[in-house]
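Novice: Sharing data_33.cif below, mmCIF, C-alpha atoms:
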data_work
#
loop_
_atom_site.label_atom_id
_atom_site.label_comp_id
_atom_site.auth_asym_id
_atom_site.auth_seq_id
_atom_site.Cartn_x
_atom_site.Cartn_y
_atom_site.Cartn_z
CA MET D 1225 0.00 0.00 0.00
CA ARG D 1226 2.66 2.46 1.07
CA LEU D 1227 4.83 1.44 -1.83
CA ARG D 1228 2.02 2.08 -4.22
CA ASN D 1229 1.51 5.51 -2.70
CA LYS D 1230 5.16 6.31 -3.19
CA ALA D 1231 5.04 5.26 -6.79
CA PHE D 1232 1.94 7.33 -7.24
CA PHE D 1233 3.60 10.39 -5.78
CA ALA D 1234 6.71 9.86 -7.82
CA ALA D 1235 4.63 9.64 -10.95
CA LEU D 1236 2.69 12.75 -9.97
CA LEU D 1237 5.90 14.63 -9.27
CA GLY D 1238 7.45 13.46 -12.50
CA GLY D 1239 4.31 14.50 -14.34
CA ALA D 1240 4.34 17.91 -12.67
CA ALA D 1241 8.00 18.41 -13.52
CA PHE D 1242 7.35 17.39 -17.12
CA TRP D 1243 4.36 19.74 -17.26
CA PHE D 1244 6.39 22.58 -15.83
CA LEU D 1245 9.48 22.02 -17.97
CA THR D 1246 7.55 21.65 -21.20
CA GLN D 1247 5.41 24.77 -20.76
CA PRO D 1248 5.65 27.13 -23.72
CA ASP D 1249 8.02 30.01 -22.99
CA ASN D 1250 6.15 32.78 -24.77
CA LEU D 1251 7.68 35.91 -26.24
CA ASP D 1252 7.15 39.07 -24.19
CA THR D 1253 4.19 40.90 -25.78
CA ALA D 1254 5.80 44.29 -25.07
CA LEU D 1255 8.55 43.50 -27.61
CA VAL D 1256 6.08 43.51 -30.48
CA ALA D 1257 3.65 46.20 -29.30
CA GLY D 1258 3.57 49.30 -31.48
CA LEU D 1259 5.90 47.96 -34.18
CA ILE D 1260 4.74 48.61 -37.74
CA GLY D 1261 6.15 46.36 -40.45
CA ASP D 1262 7.89 47.60 -43.61
CA PRO D 1263 7.00 45.23 -46.48
CA ALA D 1264 9.98 46.30 -48.63
CA LYS D 1265 12.45 45.37 -45.89
CA GLY D 1266 10.38 42.27 -45.20
CA ALA D 1267 10.92 41.04 -48.78
CA GLN D 1268 14.64 40.73 -48.04
CA VAL D 1269 14.07 38.95 -44.75
CA PHE D 1270 11.78 36.58 -46.64
CA ALA D 1271 14.56 35.88 -49.17
CA ILE D 1272 17.36 35.21 -46.70
CA GLY D 1273 14.92 33.23 -44.52
CA GLY D 1274 14.23 30.89 -47.42
CA CYS D 1275 10.61 30.63 -46.24
CA ALA D 1276 9.33 30.03 -49.76
CA SER D 1277 11.78 27.18 -50.44
CA CYS D 1278 9.93 25.03 -47.89
CA HIS D 1279 6.41 26.43 -48.11
CA TYR D 1280 5.74 26.62 -51.86
CA ALA D 1281 4.31 23.59 -53.66
CA LYS D 1282 6.83 20.92 -54.68
CA ASP D 1283 8.53 21.80 -58.00
CA ALA D 1284 6.92 25.27 -58.15
CA LYS D 1285 8.67 27.57 -60.63
CA GLY D 1286 8.64 31.34 -61.16
CA GLU D 1287 5.66 33.25 -59.74
CA ALA D 1288 4.22 30.05 -58.25
CA ARG D 1289 7.04 30.25 -55.72
CA LEU D 1290 5.15 33.02 -53.97
CA MET D 1291 2.13 30.74 -53.44
CA LEU D 1292 2.81 29.51 -49.92
CA GLY D 1293 0.12 26.84 -49.73
CA GLY D 1294 2.56 24.26 -48.34
CA GLY D 1295 2.40 20.52 -48.96
CA GLN D 1296 6.11 19.67 -49.45
CA ALA D 1297 7.16 16.60 -47.43
CA PHE D 1298 10.39 16.55 -45.38
CA ALA D 1299 11.68 13.12 -44.39
CA THR D 1300 13.69 13.13 -41.11
CA PRO D 1301 14.83 10.39 -38.72
CA PHE D 1302 11.82 11.35 -36.56
CA GLY D 1303 9.17 10.96 -39.27
CA THR D 1304 7.87 12.90 -42.26
CA PHE D 1305 6.80 16.52 -41.85
CA ILE D 1306 4.43 18.29 -44.20
CA ALA D 1307 4.91 22.04 -44.65
CA PRO D 1308 1.71 23.91 -43.66
CA ASN D 1309 -0.11 26.64 -45.54
CA ILE D 1310 1.45 30.00 -44.54
CA SER D 1311 -0.18 32.03 -47.30
CA SER D 1312 -2.23 35.12 -46.50
CA ASP D 1313 -5.47 33.11 -46.59
CA PRO D 1314 -7.26 34.16 -43.36
CA ASP D 1315 -8.75 30.70 -42.71
CA LEU D 1316 -6.39 28.14 -44.21
CA GLY D 1317 -3.18 30.16 -44.02
CA ILE D 1318 -1.86 32.70 -41.52
CA GLY D 1319 -3.45 35.87 -42.93
CA GLY D 1320 -5.55 36.25 -39.79
CA TRP D 1321 -2.60 36.13 -37.37
CA THR D 1322 -1.48 39.15 -35.37
CA ASN D 1323 2.13 40.33 -35.45
CA TYR D 1324 2.52 38.88 -31.96
CA GLU D 1325 1.22 35.44 -32.92
CA PHE D 1326 3.51 35.39 -35.94
CA ALA D 1327 6.57 36.54 -33.95
CA ASN D 1328 5.86 33.96 -31.24
CA ALA D 1329 5.79 31.25 -33.93
CA VAL D 1330 8.98 32.31 -35.73
CA LEU D 1331 11.06 33.33 -32.69
CA ARG D 1332 9.79 30.81 -30.11
CA GLY D 1333 8.25 27.99 -32.14
CA ILE D 1334 4.87 28.36 -30.41
CA SER D 1335 1.52 28.29 -32.23
CA PRO D 1336 -1.33 30.75 -31.55
CA SER D 1337 -3.08 28.00 -29.56
CA GLY D 1338 0.03 27.55 -27.40
CA GLN D 1339 1.42 24.34 -28.90
CA HIS D 1340 5.09 23.70 -29.67
CA TYR D 1341 6.18 23.44 -33.29
CA TYR D 1342 8.60 20.77 -34.46
CA PRO D 1343 12.14 21.95 -35.23
CA ALA D 1344 11.63 20.84 -38.86
CA PHE D 1345 10.47 24.47 -38.96
CA PRO D 1346 13.93 26.00 -38.36
CA PHE D 1347 12.92 28.35 -35.53
CA GLY D 1348 16.04 27.05 -33.74
CA SER D 1349 17.87 29.53 -36.00
CA TYR D 1350 15.11 32.11 -36.50
CA THR D 1351 15.02 32.56 -32.72
CA ARG D 1352 18.09 34.79 -33.17
CA MET D 1353 16.30 37.19 -35.49
CA THR D 1354 15.33 40.66 -34.34
CA VAL D 1355 11.66 41.29 -33.59
CA SER D 1356 11.61 44.16 -36.07
CA ASP D 1357 12.86 41.88 -38.90
CA VAL D 1358 10.05 39.46 -38.07
CA VAL D 1359 7.39 42.18 -38.09
CA ASP D 1360 8.70 43.45 -41.45
CA LEU D 1361 8.53 39.87 -42.71
CA LYS D 1362 4.88 39.59 -41.70
CA ALA D 1363 4.05 42.86 -43.47
CA TYR D 1364 5.60 41.47 -46.66
CA MET D 1365 3.93 38.07 -46.40
CA ASP D 1366 0.55 39.78 -46.02
CA THR D 1367 1.05 41.13 -49.58
CA LEU D 1368 1.48 37.62 -51.06
CA PRO D 1369 -1.45 35.68 -52.60
CA ALA D 1370 -3.94 33.75 -50.48
CA VAL D 1371 -3.88 30.03 -51.28
CA ALA D 1372 -6.93 27.95 -50.33
CA GLN D 1373 -5.17 24.66 -49.70
CA VAL D 1374 -5.57 22.05 -46.97
CA ASN D 1375 -2.58 19.77 -46.36
CA ILE D 1376 -2.34 16.25 -44.96
CA ALA D 1377 -1.02 15.70 -41.41
CA HIS D 1378 2.62 14.91 -40.52
CA GLU D 1379 3.44 11.20 -40.58
CA LEU D 1380 5.12 10.60 -37.22
CA PRO D 1381 5.45 7.55 -34.96
CA LEU D 1382 3.47 7.86 -31.72
CA PRO D 1383 5.98 9.29 -29.21
CA PHE D 1384 6.84 12.11 -31.60
CA ARG D 1385 3.19 12.90 -32.24
CA LEU D 1386 2.90 14.50 -28.80
CA ARG D 1387 3.93 18.12 -29.17
CA ARG D 1388 4.18 18.74 -25.45
CA GLY D 1389 7.47 16.80 -25.25
CA LEU D 1390 9.06 19.33 -27.63
CA GLY D 1391 9.32 21.65 -24.64
CA LEU D 1392 12.23 19.50 -23.45
CA TRP D 1393 13.90 19.73 -26.84
CA LYS D 1394 13.60 23.49 -26.70
CA MET D 1395 15.03 23.57 -23.19
CA LEU D 1396 18.08 21.69 -24.47
CA PHE D 1397 18.62 23.35 -27.82
CA LEU D 1398 16.71 26.60 -28.26
CA ASP D 1399 19.24 29.35 -27.76
CA ASP D 1400 17.96 32.80 -28.63
CA ARG D 1401 21.04 34.71 -27.52
CA LYS D 1402 20.85 37.61 -29.90
CA VAL D 1403 23.71 38.39 -32.15
CA ALA D 1404 24.25 42.15 -31.87
CA GLU D 1405 23.45 43.68 -35.20
CA THR D 1406 26.38 46.01 -35.72
CA ILE D 1407 27.97 46.30 -39.15
CA GLU D 1408 30.78 43.88 -38.30
CA MET D 1409 28.28 41.38 -36.93
CA ARG D 1410 25.93 41.57 -39.88
CA GLY D 1411 27.35 38.42 -41.46
CA GLN D 1412 27.03 36.46 -38.26
CA TYR D 1413 23.44 37.63 -37.84
CA LEU D 1414 22.51 36.58 -41.37
CA VAL D 1415 24.22 33.18 -41.14
CA GLU D 1416 23.04 32.21 -37.64
CA GLY D 1417 19.60 33.79 -37.71
CA PRO D 1418 17.47 34.25 -40.80
CA GLY D 1419 19.91 32.48 -43.16
CA HIS D 1420 19.78 29.33 -40.96
CA CYS D 1421 22.90 27.98 -42.73
CA ALA D 1422 23.74 25.70 -39.80
CA GLU D 1423 20.43 23.84 -40.13
CA CYS D 1424 21.99 22.11 -43.14
CA HIS D 1425 25.74 22.66 -42.67
CA SER D 1426 26.12 21.47 -39.03
CA PRO D 1427 25.85 17.85 -37.92
CA ARG D 1428 23.09 16.98 -35.46
CA ASN D 1429 23.16 14.96 -32.27
CA MET D 1430 20.85 12.02 -31.56
CA LEU D 1431 18.00 14.28 -30.49
CA GLY D 1432 18.18 16.34 -33.65
CA GLY D 1433 19.88 19.36 -32.05
CA MET D 1434 22.58 21.20 -34.04
CA ASP D 1435 26.06 20.36 -32.75
CA ALA D 1436 27.54 23.70 -31.67
CA ASN D 1437 31.02 22.15 -31.33
CA ARG D 1438 31.06 21.31 -35.01
CA TRP D 1439 29.32 24.49 -36.16
CA LEU D 1440 29.14 24.64 -39.97
CA ALA D 1441 31.67 21.80 -40.31
CA GLY D 1442 29.48 19.82 -42.71
CA ALA D 1443 26.87 17.11 -42.28
CA PRO D 1444 25.41 14.04 -43.94
CA ASN D 1445 22.66 15.03 -46.36
CA PRO D 1446 19.26 14.32 -44.76
CA SER D 1447 17.85 13.60 -48.20
CA GLY D 1448 20.20 10.60 -48.33
CA LYS D 1449 22.31 11.43 -51.40
CA GLY D 1450 25.65 13.16 -51.08
CA ARG D 1451 27.05 15.24 -48.23
CA ILE D 1452 26.65 18.82 -47.16
CA PRO D 1453 30.09 20.43 -47.29
CA ASN D 1454 32.17 21.90 -44.50
CA ILE D 1455 32.03 25.71 -44.84
CA THR D 1456 34.54 26.62 -42.14
CA PRO D 1457 37.94 27.96 -43.30
CA HIS D 1458 39.63 24.56 -42.81
CA SER D 1459 41.61 22.81 -45.56
CA GLN D 1460 38.71 20.32 -45.69
CA GLY D 1461 36.33 23.25 -45.95
CA ILE D 1462 36.58 26.58 -47.73
CA ALA D 1463 40.23 27.43 -46.93
CA ASP D 1464 40.96 27.71 -50.65
CA TRP D 1465 38.05 30.07 -51.32
CA SER D 1466 38.72 33.80 -51.15
CA VAL D 1467 36.05 36.21 -49.94
CA ASP D 1468 35.53 37.15 -53.61
CA ASP D 1469 35.11 33.48 -54.53
CA LEU D 1470 32.38 33.12 -51.92
CA VAL D 1471 30.57 36.25 -53.03
CA TYR D 1472 30.77 35.07 -56.66
CA TYR D 1473 29.34 31.68 -55.61
CA PHE D 1474 26.45 33.34 -53.75
CA GLU D 1475 25.76 35.49 -56.83
CA THR D 1476 26.17 33.00 -59.66
CA GLY D 1477 26.34 29.50 -58.16
CA PHE D 1478 29.82 28.90 -59.64
CA THR D 1479 32.52 27.38 -57.43
CA PRO D 1480 36.15 28.55 -57.89
CA GLU D 1481 36.55 25.49 -60.15
CA PHE D 1482 33.60 26.75 -62.17
CA ASP D 1483 31.44 23.78 -61.40
CA THR D 1484 27.86 24.74 -60.58
CA ALA D 1485 26.23 24.45 -57.17
CA GLY D 1486 23.70 21.66 -56.91
CA SER D 1487 21.10 20.11 -54.64
CA THR D 1488 19.35 22.20 -52.00
CA MET D 1489 22.01 24.94 -52.21
CA VAL D 1490 20.56 26.06 -55.56
CA ALA D 1491 17.48 27.51 -53.85
CA VAL D 1492 19.66 29.12 -51.16
CA ILE D 1493 21.77 30.84 -53.83
CA GLU D 1494 18.66 32.09 -55.60
CA ASN D 1495 17.58 33.66 -52.32
CA LEU D 1496 21.01 35.13 -51.58
CA GLY D 1497 20.96 36.76 -55.02
CA VAL D 1498 18.04 38.96 -53.91
CA LEU D 1499 20.05 40.51 -51.06
CA PRO D 1500 22.13 43.67 -51.37
CA VAL D 1501 25.74 42.89 -52.30
CA GLU D 1502 26.96 44.14 -48.89
CA ASP D 1503 25.01 41.31 -47.25
CA ARG D 1504 26.64 38.65 -49.44
CA LEU D 1505 30.00 40.20 -48.64
CA ALA D 1506 29.19 40.20 -44.91
CA ILE D 1507 28.30 36.49 -45.05
CA ALA D 1508 31.52 35.68 -46.92
CA ARG D 1509 33.66 37.63 -44.43
CA TYR D 1510 31.96 35.95 -41.51
CA LEU D 1511 32.58 32.45 -42.94
CA LYS D 1512 36.27 33.26 -43.43
CA SER D 1513 36.52 34.39 -39.80
CA ILE D 1514 34.95 31.47 -37.90
CA PRO D 1515 37.04 28.66 -36.27
CA ALA D 1516 38.41 26.19 -38.84
CA LEU D 1517 37.09 22.70 -38.07
CA PRO D 1518 37.77 19.33 -39.72
CA ASP D 1519 35.06 17.87 -41.89
CA ALA D 1520 32.09 16.48 -39.94
CA SER D 1521 30.09 15.27 -42.91
CA LYS D 1522 31.22 11.64 -42.70
CA MET B 188 18.19 -24.00 -79.86
CA LEU B 189 18.58 -22.21 -76.58
CA LYS B 190 22.34 -22.27 -76.98
CA LYS B 191 22.08 -20.72 -80.42
CA ILE B 192 20.00 -17.77 -79.18
CA THR B 193 22.37 -17.18 -76.30
CA LEU B 194 25.31 -17.21 -78.66
CA LYS B 195 23.57 -14.75 -80.96
CA THR B 196 22.79 -12.42 -78.05
CA VAL B 197 26.36 -12.56 -76.88
CA LEU B 198 27.59 -11.73 -80.37
CA ILE B 199 25.22 -8.79 -80.81
CA THR B 200 26.07 -7.46 -77.39
CA ALA B 201 29.75 -7.73 -78.20
CA VAL B 202 29.32 -5.85 -81.49
CA LEU B 203 27.27 -3.14 -79.82
CA ALA B 204 29.76 -2.79 -77.02
CA ALA B 205 32.59 -2.54 -79.51
CA SER B 206 30.89 0.25 -81.44
CA ALA B 207 29.98 2.13 -78.28
CA THR B 208 33.53 1.96 -77.00
CA ALA B 209 35.04 3.11 -80.28
CA GLY B 210 38.08 5.12 -79.36
CA GLY B 211 38.23 3.23 -76.08
CA HIS B 212 35.36 5.10 -74.42
CA THR B 213 31.66 4.64 -73.84
CA GLU B 214 29.17 7.31 -74.85
CA ILE B 215 28.93 8.35 -71.21
CA GLU B 216 32.69 8.63 -70.73
CA GLN B 217 32.96 10.65 -73.92
CA ARG B 218 30.31 13.16 -72.94
CA ILE B 219 31.74 13.55 -69.44
CA GLY B 220 35.08 14.19 -71.11
CA ALA B 221 33.47 16.82 -73.32
CA MET B 222 31.86 18.48 -70.28
CA LYS B 223 35.27 18.54 -68.60
CA ALA B 224 36.62 20.37 -71.63
CA VAL B 225 33.71 22.82 -71.33
CA VAL B 226 34.51 23.58 -67.71
CA GLY B 227 38.21 23.97 -68.56
CA GLU B 228 37.38 26.81 -70.95
CA MET B 229 34.92 28.21 -68.40
CA ARG B 230 37.80 28.64 -65.94
CA ILE B 231 39.73 30.71 -68.47
CA LEU B 232 36.72 32.84 -69.38
CA GLY B 233 35.44 33.11 -65.81
CA GLY B 234 38.82 34.27 -64.51
CA MET B 235 38.67 37.16 -66.96
CA ALA B 236 35.02 37.93 -66.19
CA GLN B 237 35.83 38.06 -62.46
CA GLY B 238 38.80 40.30 -63.09
CA LYS B 239 41.27 37.77 -61.64
CA VAL B 240 43.07 37.70 -64.96
CA ASP B 241 43.43 40.60 -67.40
CA TYR B 242 41.00 40.47 -70.28
CA ASP B 243 42.65 39.18 -73.47
CA ASN B 244 40.32 39.27 -76.48
CA LEU B 245 42.20 36.66 -78.52
CA ALA B 246 42.40 34.21 -75.61
CA ALA B 247 38.70 34.76 -74.90
CA LEU B 248 37.73 34.13 -78.51
CA SER B 249 39.77 30.97 -78.68
CA ALA B 250 38.29 29.68 -75.39
CA LEU B 251 34.76 30.40 -76.68
CA GLU B 252 35.47 28.50 -79.88
CA THR B 253 36.98 25.53 -78.07
CA MET B 254 33.98 25.46 -75.75
CA ARG B 255 31.62 25.53 -78.70
CA ASN B 256 33.32 22.50 -80.20
CA ALA B 257 33.15 20.65 -76.90
CA VAL B 258 29.42 21.34 -76.48
CA ALA B 259 28.75 20.30 -80.08
CA THR B 260 30.68 17.09 -79.36
CA ALA B 261 28.63 16.44 -76.21
CA GLN B 262 25.27 17.10 -77.86
CA PRO B 263 24.78 13.77 -79.71
CA LEU B 264 26.33 11.82 -76.83
CA PHE B 265 23.19 12.04 -74.71
CA GLY B 266 21.47 9.54 -77.02
CA THR B 267 20.61 6.56 -74.85
CA PRO B 268 19.62 6.24 -71.19
CA PRO B 269 22.27 4.54 -69.04
CA VAL B 270 21.86 0.92 -68.01
CA ASP B 271 22.22 -0.16 -64.37
CA GLY B 272 25.71 0.18 -62.98
CA GLU B 273 26.98 2.76 -65.46
CA GLU B 274 28.63 5.69 -63.72
CA THR B 275 26.79 8.82 -64.70
CA ARG B 276 25.11 11.82 -63.12
CA ALA B 277 22.78 12.29 -66.08
CA MET B 278 19.22 12.04 -64.78
CA ALA B 279 16.47 9.90 -66.30
CA ALA B 280 14.46 13.10 -66.92
CA ILE B 281 16.70 13.73 -69.96
CA TRP B 282 15.06 10.83 -71.76
CA GLU B 283 11.62 11.39 -70.28
CA ASP B 284 11.08 15.03 -71.27
CA GLY B 285 13.93 15.39 -73.76
CA SER B 286 12.71 18.51 -75.54
CA GLU B 287 13.58 20.84 -72.66
CA PHE B 288 17.01 19.26 -72.30
CA ASP B 289 17.69 19.66 -76.03
CA ALA B 290 16.56 23.27 -75.77
CA GLY B 291 19.13 23.77 -72.99
CA ILE B 292 21.99 22.65 -75.22
CA THR B 293 20.65 24.71 -78.14
CA THR B 294 20.51 27.80 -75.91
CA LEU B 295 24.12 27.27 -74.85
CA LEU B 296 25.28 26.83 -78.46
CA ALA B 297 23.39 29.97 -79.50
CA ALA B 298 24.91 31.98 -76.63
CA LEU B 299 28.37 30.81 -77.72
CA ASP B 300 27.68 31.67 -81.39
CA THR B 301 26.53 35.16 -80.39
CA ALA B 302 29.63 35.71 -78.26
CA ILE B 303 31.98 34.44 -80.99
CA ALA B 304 30.32 36.57 -83.68
CA ALA B 305 30.57 39.68 -81.46
CA GLU B 306 34.35 39.26 -81.05
CA PRO B 307 34.21 41.23 -77.78
CA ALA B 308 37.08 43.70 -77.76
CA ASP B 309 36.99 44.60 -74.07
CA LEU B 310 35.77 43.37 -70.70
CA ALA B 311 32.70 45.59 -70.75
CA SER B 312 31.33 43.99 -73.91
CA PHE B 313 32.52 40.52 -72.87
CA GLY B 314 30.74 40.55 -69.48
CA PRO B 315 27.11 40.22 -70.61
CA LEU B 316 28.02 37.74 -73.38
CA PHE B 317 29.81 35.60 -70.82
CA GLY B 318 26.82 35.91 -68.47
CA ALA B 319 24.50 34.48 -71.13
CA VAL B 320 26.78 31.46 -71.59
CA ALA B 321 27.30 30.91 -67.86
CA GLY B 322 23.61 31.15 -67.06
CA THR B 323 22.81 28.02 -69.05
CA CYS B 324 25.06 25.69 -67.01
CA LYS B 325 23.20 26.04 -63.72
CA ALA B 326 19.75 25.94 -65.31
CA CYS B 327 20.42 22.61 -66.97
CA HIS B 328 22.38 20.98 -64.13
CA GLU B 329 19.60 21.86 -61.70
CA ASN B 330 17.11 19.77 -63.67
CA TYR B 331 19.22 17.12 -65.35
CA ARG B 332 22.39 16.43 -63.37
CA ALA B 333 22.14 14.38 -60.15
CA PRO B 334 24.07 15.41 -57.01
CA GLU B 335 27.55 14.01 -56.51
CA GLU B 336 27.65 10.80 -54.42
#
Would you encode the structure as structure tokens?

Specialist:
Amino acid sequence: MRLRNKAFFAALLGGAAFWFLTQPDNLDTALVAGLIGDPAKGAQVFAIGGCASCHYAKDAKGEARLMLGGGQAFATPFGTFIAPNISSDPDLGIGGWTNYEFANAVLRGISPSGQHYYPAFPFGSYTRMTVSDVVDLKAYMDTLPAVAQVNIAHELPLPFRLRRGLGLWKMLFLDDRKVAETIEMRGQYLVEGPGHCAECHSPRNMLGGMDANRWLAGAPNPSGKGRIPNITPHSQGIADWSVDDLVYYFETGFTPEFDTAGSTMVAVIENLGVLPVEDRLAIARYLKSIPALPDASK
Amino acid sequence: MLKKITLKTVLITAVLAASATAGGHTEIEQRIGAMKAVVGEMRILGGMAQGKVDYDNLAALSALETMRNAVATAQPLFGTPPVDGEETRAMAAIWEDGSEFDAGITTLLAALDTAIAAEPADLASFGPLFGAVAGTCKACHENYRAPEE
């Protein structure tokens, strides 16, 4: 009897701890209050954020890339995620969201109804964006077409279907320490925050968190084929690339050997091409200045 | 009877293989070789376009002409889809919706012809002509060349 009581209390305590630890850690409403978005600036945040690359329909070309009805499937070790509709449709998309709800989703990974999002939505990087960039982004996305599309649900095995547990993941891996946005730090801000380069270029640990000790040192390709290269200034990375080579690559997709970029980097380069040249230069300078690490893609 | 057919198949296969490897190379090896020649000329032209090397109009013209020959060599070498086990990054889409692929090669040849005919005298006139040539590589590789293993 007593033993059973103990077990009961332990379970209750464990449950309470889990409940407490996995509570959504919402963004402070005061940070968003009074901000008015600038759609022109937002267009550039949208480009470096690569939002369209994941949220347009599979194989969309040209103008159709601004139709953010979702539907693309992303296979991960944890199951298959389906990108949702984030078009301006007020009912099926996010057109009806307030700036605060949007910022809480992008910066904290929390839905308007208070649920955690899965890190397949790379808020683990976006969390380092400034609130004003996010509000500009919303203003721009409000100008894009409404798409009336309903998508199928994610295909996940049972334990991963419970969103509450993602609170623990966030406790372990969500690090929103802001990168000060001075001119020198601009490259770091773009790479770590909206550009989310590490989401592809850093290896992940068993729980799917980005490995900060092997930051940008390369990773196996989640799509199965090929590897994602090391982009630190190591001899196994981009030591041989000059800053000009990097800028040229971001502009044209040509490597110093004049081969063309392939795979998922093609969409990234298209997005980088929309930015002002100073931003591409800032990214290149930042990459040449980070610690050189041996290749982690194997 | 069975033996006869097998023998015939073996003979035909051998003849086919011999014709495909004329010059010691398969169709695939030959076109990859041609593409390597293309990229070799690209390095010369690209270096000038980037300003890493001084612009030299005669060297540029000769590189453009060599590249044109290499592309024209590659063009008919995309005739048959690869069989299992052949090493190639050419994607099946080439043989499924061939017209767009052919158009890609035609666009590249036309861009080269335009550049050669213009005989660009300086970097300023060379830049846009080079851009038209360079733009075709990525567009086609994106749709028809598989990622490296």

Novice: To one decimal in Å, tell me the separation between CA of Glu1481 in chain D and CA of Gly227 in chain B.

Specialist: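 Rounded to one decimal, the two atoms are 8.7 Å apart.
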
Novice: Residues of chain D that have any atom at most 12 Å from an atom of chain B: could you tabulate them with the shortest-distance atom pair and the distance in Å to one decimal, using only C-alpha atoms, ordered by chain and increasing number, as a tab-separated table?

Specialist:
residue	atom	partner	partner_atom	distance
D:Asp1283	CA	B:Asn330	CA	10.5
D:Lys1285	CA	B:Asn330	CA	11.9
D:Pro1444	CA	B:Glu336	CA	11.2
D:Asn1445	CA	B:Glu336	CA	10.4
D:Ser1447	CA	B:Pro334	CA	10.9
D:Gly1448	CA	B:Glu336	CA	9.6
D:Lys1449	CA	B:Glu336	CA	6.2
D:Gly1450	CA	B:Glu336	CA	4.6
D:Arg1451	CA	B:Glu336	CA	7.6
D:Ile1452	CA	B:Glu335	CA	10.6
D:Pro1453	CA	B:Glu335	CA	11.5
D:Ser1466	CA	B:Lys239	CA	11.5
D:Asp1468	CA	B:Gln237	CA	8.9
D:Asp1469	CA	B:Gln237	CA	9.2
D:Val1471	CA	B:Gln237	CA	10.9
D:Tyr1472	CA	B:Gln237	CA	8.3
D:Tyr1473	CA	B:Gln237	CA	11.4
D:Glu1475	CA	B:Gly322	CA	11.3
D:Thr1476	CA	B:Gly322	CA	8.0
D:Gly1477	CA	B:Lys325	CA	7.3
D:Phe1478	CA	B:Lys325	CA	8.3
D:Thr1479	CA	B:Arg230	CA	10.1
D:Pro1480	CA	B:Arg230	CA	8.2
D:Glu1481	CA	B:Arg230	CA	6.7
D:Phe1482	CA	B:Arg230	CA	6.0
D:Asp1483	CA	B:Val226	CA	7.0
D:Thr1484	CA	B:Lys325	CA	5.8
D:Ala1485	CA	B:Lys325	CA	7.4
D:Gly1486	CA	B:Pro334	CA	6.3
D:Ser1487	CA	B:Pro334	CA	6.0
D:Thr1488	CA	B:Pro334	CA	9.7
D:Met1489	CA	B:Glu329	CA	10.3
D:Val1490	CA	B:Glu329	CA	7.5
D:Ala1491	CA	B:Glu329	CA	9.9
D:Ile1493	CA	B:Lys325	CA	11.1
D:Glu1494	CA	B:Lys325	CA	11.1

Novice: Would you translate the PyMOL selection byres ((chain D and resi 1520) around 8) into the concrete set of residues it matches in this file, as a PDB file with C-alpha atoms, in the coordinates of the input?

Specialist:
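So part25.pdb came out as:
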ATOM      1  CA  SER D1426      26.120  21.470 -39.030  1.00  0.00           C
ATOM      2  CA  PRO D1427      25.850  17.850 -37.920  1.00  0.00           C
ATOM      3  CA  ARG D1438      31.060  21.310 -35.010  1.00  0.00           C
ATOM      4  CA  ALA D1441      31.670  21.800 -40.310  1.00  0.00           C
ATOM      5  CA  GLY D1442      29.480  19.820 -42.710  1.00  0.00           C
ATOM      6  CA  ALA D1443      26.870  17.110 -42.280  1.00  0.00           C
ATOM      7  CA  ASN D1454      32.170  21.900 -44.500  1.00  0.00           C
ATOM      8  CA  PRO D1518      37.770  19.330 -39.720  1.00  0.00           C
ATOM      9  CA  ASP D1519      35.060  17.870 -41.890  1.00  0.00           C
ATOM     10  CA  SER D1521      30.090  15.270 -42.910  1.00  0.00           C
ATOM     11  CA  LYS D1522      31.220  11.640 -42.700  1.00  0.00           C
TER      12      LYS D1522
END

Novice: Could you check the closest approach to Lys1362 in chain D for each of D:Gly1320, D:Pro1346, D:Pro1383, D:Gly1391 and tell me which residue wins, using all atoms listed in the file?

Specialist: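 Nearest candidate to Lys1362 in chain D out of D:Gly1320, D:Pro1346, D:Pro1383, D:Gly1391: D:Gly1320.
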
Novice: Mind working out the centre and edge lengths of an axis-aligned box for range 286-299 of chain B, all listed atoms inside, 5 Å added to each side, rounded to one decimal in Å and written as JSON?

Specialist:
{"center_x": 20.5, "center_y": 25.2, "center_z": -75.9, "size_x": 25.7, "size_y": 23.5, "size_z": 17.2}

Novice: Go through D:Ser1312, D:Asn1250, D:Asn1429, D:Gln1339 and flag the residue nearest Asp1366 in chain D, using all atoms listed in the file for the distances.

Specialist: D:Ser1312

Novice: Quick one: apply the PyMOL selection byres ((chain D and resi 1506) around 9) to the file and drop the selected residues here as JSON, numbers by chain.

Specialist: {"D": [1407, 1408, 1409, 1410, 1411, 1412, 1414, 1501, 1502, 1503, 1504, 1505, 1507, 1508, 1509, 1510, 1511]}

Novice: Run the PyMOL selection byres ((chain D and resi 1259-1266) around 12) on the file and write out the hits as number ranges by chain.

Specialist: D: 1253-1258, 1267-1273, 1275, 1322-1324, 1327, 1354-1368, 1418, 1498-1500

Novice: Between D:Leu1470, D:Ile1306, D:Ala1370, D:Leu1290, which has the minimum distance to Phe1345 in chain D (counting all atoms listed in the file)?

Specialist: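 Using all atoms listed in the file, Phe1345 in chain D sits closest to D:Ile1306.
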
Novice: Lys1394 in chain D: which residues within 10 Å, counting all atoms listed in the file, same-chain residues fewer than 5 positions away excluded, as an MDAnalysis selection string?

Specialist: chainID D and resid 1245:1246 1248:1249 1332:1333 1340:1343 1348 1389 1399 1433

Novice: Hey, can you pull every residue with an atom no more than 12 Å from (19.9, 23.2, -76.7), using only C-alpha atoms, and send it as a list of chain:residue names?

Specialist: B:Val258, B:Ala259, B:Ala261, B:Gln262, B:Pro263, B:Phe265, B:Gly285, B:Ser286, B:Glu287, B:Phe288, B:Asp289, B:Ala290, B:Gly291, B:Ile292, B:Thr293, B:Thr294, B:Leu295, B:Leu296, B:Ala297, B:Ala298, B:Leu299, B:Val320, B:Thr323, B:Cys324, B:Ala326, B:Cys327
